[in-house]
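Visitor: Just my_file31.pdb, nothing more (PDB, C-alpha atoms and all ligand atoms):
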```pdb
MODEL        1
ATOM      1  CA  MET A   1     -13.560  -4.168  -5.973
ATOM      2  CA  SER A   2     -16.066  -2.055  -7.811
ATOM      3  CA  THR A   3     -14.654   0.652  -9.985
ATOM      4  CA  ASN A   4     -17.931   2.543 -10.227
ATOM      5  CA  ALA A   5     -16.614   5.939  -9.399
ATOM      6  CA  PRO A   6     -19.086   8.803  -8.964
ATOM      7  CA  ALA A   7     -19.413  11.691 -11.365
ATOM      8  CA  CYS A   8     -16.710  14.336 -11.248
ATOM      9  CA  PRO A   9     -17.543  17.172  -8.814
ATOM     10  CA  GLN A  10     -15.549  19.533 -11.012
ATOM     11  CA  CYS A  11     -16.987  19.034 -14.491
ATOM     12  CA  THR A  12     -19.947  16.739 -13.556
ATOM     13  CA  LEU A  13     -19.088  14.198 -16.260
ATOM     14  CA  ASP A  14     -19.015  10.568 -15.202
ATOM     15  CA  GLU A  15     -15.916   9.385 -17.071
ATOM     16  CA  THR A  16     -14.031   8.688 -13.837
ATOM     17  CA  HIS A  17     -11.967   5.859 -12.397
ATOM     18  CA  VAL A  18     -10.329   4.799  -9.132
ATOM     19  CA  GLU A  19      -6.603   5.268  -8.803
ATOM     20  CA  GLY A  20      -5.130   4.098  -5.516
ATOM     21  CA  THR A  21      -7.253   5.810  -2.885
ATOM     22  CA  ASN A  22      -8.446   8.579  -5.179
ATOM     23  CA  TYR A  23     -11.047   9.037  -7.840
ATOM     24  CA  VAL A  24      -9.680  10.565 -11.010
ATOM     25  CA  CYS A  25     -11.695  12.311 -13.698
ATOM     26  CA  ASP A  26     -10.714  11.237 -17.210
ATOM     27  CA  THR A  27     -12.179  14.377 -18.695
ATOM     28  CA  CYS A  28     -10.617  17.190 -16.684
ATOM     29  CA  GLY A  29      -8.029  15.321 -14.594
ATOM     30  CA  TYR A  30      -9.550  16.367 -11.271
ATOM     31  CA  GLU A  31      -8.628  14.038  -8.367
ATOM     32  CA  TRP A  32     -10.483  13.635  -5.102
ATOM     33  CA  PRO A  33     -10.330  11.127  -2.254
ATOM     34  CA  ALA A  34     -12.355   7.956  -2.647
ATOM     35  CA  ASP A  35     -14.741   7.225   0.185
ATOM     36  CA  ILE A  36     -15.926   3.817  -0.920
ATOM     37  CA  ALA A  37     -16.178   1.310   1.896
ATOM     38  CA  ASP A  38     -13.290  -0.957   0.956
ATOM     39  CA  VAL A  39     -10.747   1.795   0.512
ATOM     40  CA  ALA A  40      -9.332   2.642   3.911
ATOM     41  CA  SER A  41      -8.229   6.175   4.597
ATOM     42  CA  ALA A  42      -5.075   7.016   2.683
ATOM     43  CA  ASP A  43      -3.042   7.485   5.860
ATOM     44  CA  ASP A  44      -3.709   3.953   7.029
ATOM     45  CA  VAL A  45      -3.141   2.057   3.799
ATOM     46  CA  VAL A  46       0.187   0.284   3.441
ATOM     47  CA  ARG A  47       0.695  -1.537   0.154
ATOM     48  CA  ASP A  48       3.158  -4.285  -0.645
ATOM     49  CA  ALA A  49       5.361  -4.624  -3.746
ATOM     50  CA  ASN A  50       2.355  -5.774  -5.775
ATOM     51  CA  GLY A  51       0.024  -3.078  -4.501
ATOM     52  CA  ALA A  52      -1.892  -5.410  -2.189
ATOM     53  CA  VAL A  53      -3.037  -3.810   1.055
ATOM     54  CA  LEU A  54      -1.183  -5.104   4.118
ATOM     55  CA  ALA A  55      -2.725  -5.447   7.561
ATOM     56  CA  ASP A  56      -1.526  -6.179  11.082
ATOM     57  CA  GLY A  57      -0.921  -9.884  11.547
ATOM     58  CA  ASP A  58      -0.220 -10.621   7.872
ATOM     59  CA  THR A  59       2.569 -12.916   6.760
ATOM     60  CA  VAL A  60       4.890 -11.376   4.168
ATOM     61  CA  VAL A  61       7.782 -12.543   2.006
ATOM     62  CA  VAL A  62      10.885 -10.415   1.362
ATOM     63  CA  VAL A  63      11.135  -9.696  -2.395
ATOM     64  CA  LYS A  64      14.784  -8.579  -2.473
ATOM     65  CA  ASP A  65      17.851  -8.991  -0.294
ATOM     66  CA  LEU A  66      17.608  -6.378   2.434
ATOM     67  CA  LYS A  67      20.468  -5.112   4.506
ATOM     68  CA  VAL A  68      19.113  -4.474   7.976
ATOM     69  CA  LYS A  69      20.036  -0.984   9.091
ATOM     70  CA  GLY A  70      22.474  -0.877  11.977
ATOM     71  CA  SER A  71      23.429  -4.548  11.831
ATOM     72  CA  SER A  72      25.320  -7.010   9.662
ATOM     73  CA  THR A  73      22.157  -9.007   9.078
ATOM     74  CA  THR A  74      20.833  -9.421   5.559
ATOM     75  CA  LEU A  75      17.309 -10.629   5.041
ATOM     76  CA  LYS A  76      17.404 -12.897   2.018
ATOM     77  CA  VAL A  77      14.866 -12.734  -0.751
ATOM     78  CA  GLY A  78      12.129 -15.258   0.013
ATOM     79  CA  THR A  79      12.408 -14.857   3.792
ATOM     80  CA  LYS A  80       8.971 -15.252   5.331
ATOM     81  CA  ILE A  81       7.988 -12.956   8.178
ATOM     82  CA  LYS A  82       4.890 -13.680  10.211
ATOM     83  CA  ASN A  83       2.656 -11.386  12.179
ATOM     84  CA  ILE A  84       3.764  -8.007  10.875
ATOM     85  CA  ARG A  85       2.681  -4.739  12.474
ATOM     86  CA  LEU A  86       2.045  -1.644  10.423
ATOM     87  CA  ARG A  87       3.724   1.584  11.440
ATOM     88  CA  GLY A  88       3.579   5.020   9.938
ATOM     89  CA  GLY A  89       6.467   6.737   8.278
ATOM     90  CA  ASP A  90       9.197   5.661   5.928
ATOM     91  CA  HIS A  91       9.806   2.189   7.331
ATOM     92  CA  ALA A  92       6.187   1.240   7.425
ATOM     93  CA  VAL A  93       6.212  -2.365   8.539
ATOM     94  CA  GLU A  94       7.453  -3.829  11.810
ATOM     95  CA  ALA A  95       8.480  -7.413  11.144
ATOM     96  CA  GLY A  96       9.736  -9.104  14.264
ATOM     97  CA  SER A  97      12.640  -6.938  15.403
ATOM     98  CA  TYR A  98      13.042  -5.276  12.010
ATOM     99  CA  MET A  99      11.504  -2.184  10.484
ATOM    100  CA  LEU A 100      11.029  -2.747   6.768
ATOM    101  CA  LYS A 101       9.611  -0.831   3.861
ATOM    102  CA  ALA A 102       6.402  -2.303   2.524
ATOM    103  CA  GLU A 103       7.656  -1.901  -1.053
ATOM    104  CA  PHE A 104      10.227  -4.660  -0.377
ATOM    105  CA  LEU A 105       7.590  -7.067   0.915
ATOM    106  CA  ARG A 106       4.891  -9.158  -0.655
ATOM    107  CA  LYS A 107       1.876 -10.607   1.078
ATOM    108  CA  ALA A 108       2.343 -14.385   1.480
TER     109      ALA A 108
HETATM  110 ZN    ZN B 201     -13.919  16.260 -14.390
ENDMDL
END
```
Rewrite the structure from the file as structure tokens, please.
Ligand SMILES: [Zn+2]

Guide:
Amino acid sequence: MSTNAPACPQCTLDETHVEGTNYVCDTCGYEWPADIADVASADDVVRDANGAVLADGDTVVVVKDLKVKGSSTTLKVGTKIKNIRLRGGDHAVEAGSYMLKAEFLRKA
């Protein structure tokens, strides 16, 4: 992905870089939302443990043992889950019958 961020709207200098879904000015520290084509709107982006963007239908691997809330099931590290669905909120990923946090998953 291109890191050619536009000039800072605050101080007009062009020492800027992309950080997550924002542009950040190196000179004055001003941050503003990136609108480049391959950065989806911040609300929709769900990132895995490595910072890769997850999408509906992806296959993910569990990166640590996860106790499934409300059951005695533990998802073991390395468990592969196909066809995830992204949801908003704290538990952002629907994986089969589980709701899991994206930070505990890695795109397969
Ligand atoms: Zn600036």

Visitor: Show me which residues line ligand ZN 201 (chain B), defined as having an atom within 12 Å of a ligand atom where only C-alpha atoms and all ligand atoms count, and present them as a ChimeraX atom specification.

Guide: /A:5-17,23-32

Visitor: I need the residues from that last selection saved to file as a CSV table (one decimal), keeping the file's coordinate frame (with C-alpha atoms), if you can.

Guide:
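To be explicit, this is the file written out as out10.csv:
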```csv
chain,number,residue,atom,x,y,z
A,5,ALA,CA,-16.6,5.9,-9.4
A,6,PRO,CA,-19.1,8.8,-9.0
A,7,ALA,CA,-19.4,11.7,-11.4
A,8,CYS,CA,-16.7,14.3,-11.2
A,9,PRO,CA,-17.5,17.2,-8.8
A,10,GLN,CA,-15.5,19.5,-11.0
A,11,CYS,CA,-17.0,19.0,-14.5
A,12,THR,CA,-19.9,16.7,-13.6
A,13,LEU,CA,-19.1,14.2,-16.3
A,14,ASP,CA,-19.0,10.6,-15.2
A,15,GLU,CA,-15.9,9.4,-17.1
A,16,THR,CA,-14.0,8.7,-13.8
A,17,HIS,CA,-12.0,5.9,-12.4
A,23,TYR,CA,-11.0,9.0,-7.8
A,24,VAL,CA,-9.7,10.6,-11.0
A,25,CYS,CA,-11.7,12.3,-13.7
A,26,ASP,CA,-10.7,11.2,-17.2
A,27,THR,CA,-12.2,14.4,-18.7
A,28,CYS,CA,-10.6,17.2,-16.7
A,29,GLY,CA,-8.0,15.3,-14.6
A,30,TYR,CA,-9.6,16.4,-11.3
A,31,GLU,CA,-8.6,14.0,-8.4
A,32,TRP,CA,-10.5,13.6,-5.1
```

Visitor: Quote the spacing between atom CA of Lys67 of chain A and atom CA of Ala55 of chain A in Å to one decimal place.

Guide: 23.4 Å

Visitor: Suppose you want the space between atom CA of Leu66 of chain A and atom CA of Asp48 of chain A; what is it in Å?

Guide: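 These two atoms are separated by 14.9 Å.
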
Visitor: Which residues are near Ala49 of chain A? Cut-off 8 Å, only C-alpha atoms, ignore same chain within fewer than 3 positions. Put them as a list in words.

Guide: Ala52, Val63, Ala102, Glu103, Phe104, Leu105 and Arg106 of chain A

Visitor: For atom CA of Asp58 of chain A and atom CA of Gly78 of chain A, quote the distance in Å rounded to one decimal.

Guide: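 Those two atoms sit 15.4 Å apart.
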
Visitor: List the residues selected by the PyMOL selection byres (((chain A and resi 81) around 6) and not hetatm) in the file shown, writing them as a PyMOL selection string.

Guide: chain A and resi 59-60+80+82

Visitor: Written as a PDB file with C-alpha atoms, in the frame of the given file, what is the full residue list that the PyMOL selection byres (((chain A and resi 56) around 7) and not hetatm) yields on the file shown?

Guide:
```pdb
ATOM      1  CA  ALA A  55      -2.725  -5.447   7.561  1.00  0.00           C
ATOM      2  CA  GLY A  57      -0.921  -9.884  11.547  1.00  0.00           C
ATOM      3  CA  ASP A  58      -0.220 -10.621   7.872  1.00  0.00           C
ATOM      4  CA  ASN A  83       2.656 -11.386  12.179  1.00  0.00           C
ATOM      5  CA  ILE A  84       3.764  -8.007  10.875  1.00  0.00           C
ATOM      6  CA  ARG A  85       2.681  -4.739  12.474  1.00  0.00           C
ATOM      7  CA  LEU A  86       2.045  -1.644  10.423  1.00  0.00           C
TER       8      LEU A  86
END
```

Visitor: Considering all atoms listed in the file, can you say which of A:Ala34, A:Val77, A:Val61, A:Leu54 comes closest to Ala108 of chain A?

Guide: A:Val61

Visitor: What residues come out when you apply the PyMOL selection byres (((chain A and resi 68) around 12) and not hetatm) to this file, written as a list in words?

Guide: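 With the shown file as input, the PyMOL selection byres (((chain A and resi 68) around 12) and not hetatm) matches Asp65, Leu66, Lys67, Lys69, Gly70, Ser71, Ser72, Thr73, Thr74, Leu75, Lys76, His91, Ala95, Ser97, Tyr98, Met99, Leu100 and Lys101 of chain A.
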
Visitor: With distances taken over only C-alpha atoms, which of A:Val18, A:Val62, A:Lys107, A:Ala92 is nearest to Val45 of chain A?

Guide: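 Checking each candidate against Val45 of chain A, we get A:Ala92 as the closest.
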